[in-house]
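S.K.: query17.cif (mmCIF, C-alpha atoms) pasted underneath:
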```
data_run
loop_
_atom_site.label_atom_id
_atom_site.label_comp_id
_atom_site.auth_asym_id
_atom_site.auth_seq_id
_atom_site.Cartn_x
_atom_site.Cartn_y
_atom_site.Cartn_z
CA MET K 319 0.68 -12.34 19.36
CA LYS K 320 -1.71 -10.21 17.34
CA VAL K 321 -2.51 -11.34 13.78
CA LEU K 322 -4.33 -9.07 11.32
CA TYR K 323 -5.96 -10.08 8.02
CA PHE K 324 -6.72 -7.74 5.15
CA ALA K 325 -8.76 -7.69 1.92
CA TRP K 326 -9.92 -11.15 0.73
CA LEU K 327 -7.94 -12.89 3.47
CA ARG K 328 -10.17 -11.14 6.00
CA SER K 329 -13.38 -11.96 4.11
CA LYS K 330 -12.39 -15.62 3.68
CA ILE K 331 -11.32 -16.12 7.30
CA GLY K 332 -14.22 -14.06 8.64
CA VAL K 333 -12.31 -12.02 11.22
CA ALA K 334 -10.02 -9.00 10.97
CA THR K 335 -7.78 -9.73 13.95
CA GLU K 336 -6.93 -12.59 16.28
CA THR K 337 -4.86 -12.53 19.47
CA PHE K 338 -3.32 -15.72 20.85
CA ASP K 339 -0.23 -17.32 22.33
CA PRO K 340 1.34 -19.35 19.53
CA PRO K 341 2.69 -22.84 20.30
CA ALA K 342 6.43 -23.41 20.61
CA GLU K 343 6.81 -24.74 17.06
CA VAL K 344 5.95 -21.29 15.69
CA THR K 345 9.31 -19.58 15.27
CA ASP K 346 9.03 -17.74 11.96
CA VAL K 347 6.41 -16.55 9.49
CA GLY K 348 6.43 -19.87 7.62
CA THR K 349 5.70 -21.97 10.71
CA LEU K 350 3.10 -19.43 11.87
CA VAL K 351 1.21 -19.69 8.56
CA GLU K 352 1.31 -23.51 8.72
CA TRP K 353 -0.07 -23.42 12.28
CA LEU K 354 -2.77 -20.86 11.35
CA LYS K 355 -4.00 -23.25 8.63
CA THR K 356 -4.88 -25.78 11.37
CA ARG K 357 -7.14 -23.32 13.21
CA SER K 358 -10.17 -23.77 10.90
CA PRO K 359 -11.13 -24.86 7.37
CA LYS K 360 -11.57 -21.15 6.53
CA HIS K 361 -7.98 -20.44 7.57
CA ALA K 362 -6.77 -23.43 5.56
CA ASP K 363 -8.64 -22.22 2.47
CA ALA K 364 -7.52 -18.57 2.74
CA LEU K 365 -3.87 -19.48 3.35
CA ALA K 366 -3.67 -22.36 0.85
CA ASN K 367 -1.52 -20.51 -1.69
CA SER K 368 1.37 -18.81 0.07
CA LYS K 369 2.41 -17.10 -3.20
CA VAL K 370 -0.50 -14.69 -2.82
CA VAL K 371 -0.17 -14.21 0.95
CA LYS K 372 2.22 -11.40 1.84
CA VAL K 373 3.38 -10.71 5.38
CA ALA K 374 4.36 -7.77 7.55
CA VAL K 375 5.84 -8.13 11.04
CA ASN K 376 5.50 -5.03 13.20
CA GLN K 377 4.41 -3.12 10.07
CA GLU K 378 7.47 -3.96 7.93
CA HIS K 379 7.30 -6.18 4.83
CA VAL K 380 9.13 -9.46 5.52
CA ALA K 381 9.79 -12.86 3.94
CA TYR K 382 8.55 -16.22 5.28
CA ASP K 383 11.85 -16.94 7.03
CA HIS K 384 11.53 -13.84 9.22
CA PRO K 385 11.36 -14.75 12.95
CA VAL K 386 8.21 -14.07 14.96
CA SER K 387 7.73 -13.91 18.72
CA ALA K 388 4.87 -13.60 21.18
CA GLY K 389 4.74 -9.79 21.31
CA ASP K 390 4.69 -9.27 17.53
CA GLU K 391 1.98 -7.75 15.36
CA VAL K 392 1.79 -9.92 12.25
CA ALA K 393 -0.31 -8.94 9.24
CA LEU K 394 -1.27 -11.27 6.39
CA PHE K 395 -2.59 -9.79 3.15
CA PRO K 396 -2.75 -10.21 -0.63
CA PRO K 397 -0.28 -8.29 -2.83
CA VAL K 398 -1.04 -4.58 -2.43
CA THR K 399 -3.05 -2.66 -5.06
CA GLY K 400 -2.97 1.00 -4.04
CA GLY K 401 -2.02 4.06 -6.06
CA MET V 1073 7.84 16.41 3.59
CA THR V 1074 4.32 15.26 4.27
CA VAL V 1075 2.24 12.09 4.17
CA LYS V 1076 -1.55 12.19 4.54
CA VAL V 1077 -3.85 9.17 4.53
CA GLN V 1078 -7.43 10.39 4.51
CA ARG V 1079 -11.02 9.66 3.52
CA GLU V 1080 -11.62 13.22 2.28
CA ASP V 1081 -10.88 14.55 -1.19
CA PHE V 1082 -7.97 16.93 -1.75
CA ASP V 1083 -7.52 20.17 -3.72
CA VAL V 1084 -4.50 19.86 -6.02
CA GLY V 1085 -4.23 23.63 -6.55
CA ALA V 1086 -4.35 24.36 -2.83
CA GLU V 1087 -1.74 21.68 -2.10
CA LEU V 1088 0.55 23.07 -4.82
CA ALA V 1089 0.16 26.62 -3.49
CA ALA V 1090 0.87 25.48 0.09
CA MET V 1091 3.97 23.61 -1.05
CA THR V 1092 5.53 26.49 -2.96
CA ARG V 1093 4.37 29.59 -1.04
CA GLY V 1094 7.37 31.73 -0.10
CA ARG V 1095 9.86 29.06 -1.15
CA THR V 1096 11.65 30.63 -4.05
CA SER V 1097 14.46 28.06 -4.16
CA ILE V 1098 11.96 25.69 -5.84
CA GLY V 1099 12.43 25.70 -9.61
CA GLY V 1100 9.83 23.08 -10.50
CA VAL V 1101 7.12 20.82 -9.13
CA THR V 1102 5.97 17.51 -10.60
CA LEU V 1103 2.46 16.35 -9.69
CA PHE V 1104 0.91 12.93 -10.24
CA VAL V 1105 -2.81 12.52 -9.62
CA GLY V 1106 -4.34 9.03 -9.72
CA LEU V 1107 -8.07 8.77 -10.56
CA VAL V 1108 -10.71 6.03 -10.38
CA ARG V 1109 -11.36 4.62 -13.88
CA ASP V 1110 -14.81 3.48 -15.02
CA MET V 1111 -13.47 0.33 -16.70
CA ALA V 1112 -11.12 -2.38 -15.42
CA GLY V 1113 -10.32 -5.70 -17.06
CA GLY V 1114 -13.20 -5.23 -19.52
CA ALA V 1115 -15.78 -4.72 -16.75
CA GLU V 1116 -17.66 -1.59 -15.85
CA VAL V 1117 -16.68 -0.25 -12.43
CA SER V 1118 -19.41 1.67 -10.60
CA ALA V 1119 -17.44 2.23 -7.38
CA MET V 1120 -14.27 1.25 -5.59
CA THR V 1121 -13.55 0.80 -1.90
CA LEU V 1122 -9.98 1.25 -0.74
CA GLU V 1123 -8.96 -0.59 2.40
CA HIS V 1124 -5.64 0.03 4.14
CA TYR V 1125 -3.59 -0.95 7.18
CA PRO V 1126 -3.65 2.10 9.49
CA GLY V 1127 -0.24 2.64 11.01
CA MET V 1128 1.71 0.60 8.51
CA THR V 1129 0.43 2.72 5.61
CA GLU V 1130 1.79 5.93 7.11
CA LYS V 1131 5.03 4.19 8.08
CA GLN V 1132 5.60 2.82 4.56
CA LEU V 1133 4.74 6.11 2.85
CA GLU V 1134 7.11 7.99 5.17
CA ALA V 1135 9.84 5.44 4.42
CA ILE V 1136 9.52 5.79 0.63
CA GLU V 1137 9.42 9.57 0.94
CA ALA V 1138 12.65 9.42 2.97
CA GLU V 1139 14.15 7.18 0.28
CA ALA V 1140 13.25 9.72 -2.42
CA ARG V 1141 14.81 12.49 -0.35
CA ALA V 1142 18.00 10.48 0.00
CA ARG V 1143 18.21 9.89 -3.77
CA TRP V 1144 17.28 13.32 -5.15
CA PRO V 1145 17.85 16.92 -3.99
CA LEU V 1146 14.24 17.75 -3.06
CA ASP V 1147 12.89 20.93 -1.49
CA ASP V 1148 9.68 19.12 -0.61
CA ALA V 1149 7.61 15.99 -1.22
CA LEU V 1150 3.95 15.29 -0.55
CA ILE V 1151 1.91 12.09 -0.71
CA ILE V 1152 -1.86 12.13 -0.13
CA HIS V 1153 -3.65 8.78 -0.45
CA ARG V 1154 -7.38 8.34 0.10
CA TYR V 1155 -9.25 5.33 1.45
CA GLY V 1156 -12.93 4.43 1.68
CA ARG V 1157 -15.55 4.45 -1.06
CA LEU V 1158 -14.70 6.25 -4.31
CA GLU V 1159 -16.47 6.59 -7.65
CA PRO V 1160 -15.17 6.86 -11.24
CA GLY V 1161 -13.51 10.23 -11.74
CA ASP V 1162 -12.67 10.62 -8.05
CA GLN V 1163 -9.09 11.40 -7.07
CA ILE V 1164 -7.30 8.54 -5.27
CA VAL V 1165 -3.74 9.70 -4.81
CA LEU V 1166 -1.54 12.79 -5.16
CA VAL V 1167 2.24 12.66 -5.33
CA ALA V 1168 4.06 16.00 -5.57
CA THR V 1169 7.79 16.64 -5.57
CA ALA V 1170 9.55 20.00 -5.62
CA SER V 1171 13.16 20.66 -6.52
CA ALA V 1172 15.44 23.34 -7.88
CA HIS V 1173 15.58 21.42 -11.18
CA ARG V 1174 13.03 19.49 -13.21
CA ASP V 1175 14.92 16.21 -13.56
CA ALA V 1176 14.91 15.59 -9.81
CA ALA V 1177 11.23 16.55 -9.57
CA PHE V 1178 10.15 14.30 -12.48
CA ASP V 1179 12.28 11.30 -11.49
CA SER V 1180 11.43 11.37 -7.78
CA CYS V 1181 7.70 11.71 -8.48
CA HIS V 1182 7.81 8.71 -10.84
CA PHE V 1183 9.82 6.73 -8.29
CA LEU V 1184 7.35 7.53 -5.49
CA ILE V 1185 4.24 6.42 -7.36
CA ASP V 1186 5.95 3.25 -8.63
CA TRP V 1187 7.20 2.30 -5.16
CA LEU V 1188 3.95 3.26 -3.48
CA LYS V 1189 2.05 0.82 -5.71
CA THR V 1190 4.12 -2.14 -4.51
CA LYS V 1191 4.85 -1.16 -0.88
CA ALA V 1192 1.96 0.82 0.60
CA PRO V 1193 -0.63 -1.53 2.16
CA PHE V 1194 -3.78 -0.58 0.22
CA TRP V 1195 -6.27 -2.95 -1.40
CA LYS V 1196 -8.99 -2.07 -3.91
CA LEU V 1197 -12.42 -3.68 -3.94
CA GLU V 1198 -14.26 -2.93 -7.18
CA ALA V 1199 -18.02 -2.94 -7.61
CA THR V 1200 -18.99 -4.26 -11.07
CA PRO V 1201 -22.31 -5.46 -12.60
CA GLU V 1202 -21.18 -9.03 -11.76
CA GLY V 1203 -20.61 -8.13 -8.11
CA GLU V 1204 -17.68 -7.07 -5.97
CA ARG V 1205 -14.15 -8.25 -6.67
CA TRP V 1206 -10.75 -7.60 -5.15
CA VAL V 1207 -8.32 -6.07 -7.64
CA GLU V 1208 -5.35 -8.33 -8.33
CA ALA V 1209 -1.81 -6.96 -8.25
CA LYS V 1210 -0.20 -6.57 -11.66
CA GLY V 1211 3.21 -7.98 -12.51
CA SER V 1212 3.80 -4.78 -14.49
CA ASP V 1213 3.66 -2.82 -11.21
CA ASP V 1214 6.49 -4.95 -9.79
CA ASP V 1215 8.46 -4.36 -13.01
CA ALA V 1216 7.87 -0.61 -12.74
CA ALA V 1217 9.11 -0.58 -9.13
CA ALA V 1218 12.10 -2.79 -10.02
CA ARG V 1219 13.35 -0.14 -12.45
CA TRP V 1220 14.23 1.98 -9.42
CA ALA V 1221 16.20 -0.74 -7.62
CA LYS V 1222 19.61 0.61 -6.78
CA GLU V 1223 22.55 -0.62 -8.78
CA SER V 1224 25.05 -2.08 -6.34
#
```
As structure tokens, please, write out the structure in this file.

M.R.:
Amino acid sequence: MKVLYFAWLRSKIGVATETFDPPAEVTDVGTLVEWLKTRSPKHADALANSKVVKVAVNQEHVAYDHPVSAGDEVALFPPVTGG
Amino acid sequence: MTVKVQREDFDVGAELAAMTRGRTSIGGVTLFVGLVRDMAGGAEVSAMTLEHYPGMTEKQLEAIEAEARARWPLDDALIIHRYGRLEPGDQIVLVATASAHRDAAFDSCHFLIDWLKTKAPFWKLEATPEGERWVEAKGSDDDAAARWAKES
């Protein structure tokens, strides 16, 4: 699975992308975010408030109950501010 | 129907001419141009850096353009959005819609910029005298986009 971080999530975590095989308990976005928090204190800090962490799976906006699997590209980012 | 995500500036007049040249079924074009302001939240902004998610940005912009085309009778639509470092006065975004009649052109252009602000994966980092800060999303942008939710 490839995970991408954008904007202040990237600066807080310190990397733009990570690639790994998630453990079996990761089945949807919600369980993925909970597992990511255990990877480092920086992850835990950046992902502490899920209200400001939006998610895209394979480049489509999704909710936290959306399923994820090993081959997915998952992006985590703050609410968008373009335009 | 075109989407461009680019670092370079754009020429509004040239884009308008390219959109309408030889296409005499078009009765009107609405253009929205977004610019970098020098003030935000009471702080002076000296520069802004726009980050985006290459791939998803184009995909989302193409999807909202397709949605506009499905809702209004459009001859053409164009979205150009810049990324990278910009300064006050610089152009950030161009949305242009062309139709036989003005209502479709006005409404679809308004729809596109409102939806773009809540769906296209861009983030603004402002440089101010107190340092750099990420721009926070506004609830009013969600409200503006919600106006265009389809009545079921």

S.K.: Residues within 12 Å of stretch 1159-1163 of chain V, please, as an MDAnalysis selection string. Count all atoms listed in the file; anything in the same chain fewer than 5 positions from it doesn't count.

M.R.: (chainID K and resid 401) or (chainID V and resid 1078:1084 1104:1112 1116:1122 1152:1154 1197:1200)

S.K.: Compile the residues of chain V that lie within 6 Å of chain K, evaluated using all atoms listed in the file, and express the compilation as a VMD selection string.

M.R.: chain V and resid 1128 1189 1193 to 1195 1209

S.K.: I need the residue set behind the PyMOL selection byres ((chain V and resi 1179-1181) around 9) for this file; please write it as a PyMOL selection string.

M.R.: chain V and resi 1102-1104+1140-1141+1143-1144+1146+1149+1167-1170+1174-1178+1182-1186

S.K.: In Å to one decimal, how far is atom CA of V:Gly1203 from atom CA of K:Ser358?

M.R.: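 A separation of 26.7 Å between them.
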
S.K.: Which distance in Å separates atom CA of K:Pro340 and atom CA of K:Arg357, to one decimal?

M.R.: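 Pair atom CA of K:Pro340 / atom CA of K:Arg357 returns 11.3 Å.
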
S.K.: For V:Ser1097, find every residue with an atom within 9 Å (counting all atoms listed in the file), except residues of its own chain fewer than 5 positions away, and show them as a list of chain:residue names.

M.R.: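 These residues fall inside the cut-off: V:Asp1147, V:Ser1171, V:Ala1172.
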
S.K.: Restricted to C-alpha atoms, what would the selected residues look like written as a PDB file, keeping the file's coordinate frame?

M.R.:
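Result went into out.pdb, see below:
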```
ATOM      1  CA  ASP V1147      12.890  20.930  -1.490  1.00  0.00           C
ATOM      2  CA  SER V1171      13.160  20.660  -6.520  1.00  0.00           C
ATOM      3  CA  ALA V1172      15.440  23.340  -7.880  1.00  0.00           C
TER       4      ALA V1172
END
```

S.K.: For atom CA of V:Pro1201 and atom CA of K:Leu365, determine how far apart the two atoms are, in Å to one decimal place.

M.R.: 28.1 Å

S.K.: Near stretch 345-356 of chain K, within 9 Å and counting only C-alpha atoms, which residues show up once chain neighbours fewer than 5 positions away are dropped, as a PyMOL selection string?

M.R.: chain K and resi 340+361-366+368+373+375+380-387+392

S.K.: What would the selection look like, as a ChimeraX atom specification, if the PyMOL selection byres ((chain K and resi 334) around 9) were run on the coordinates I just shared?

M.R.: /K:321-324,327-329,331-333,335-336
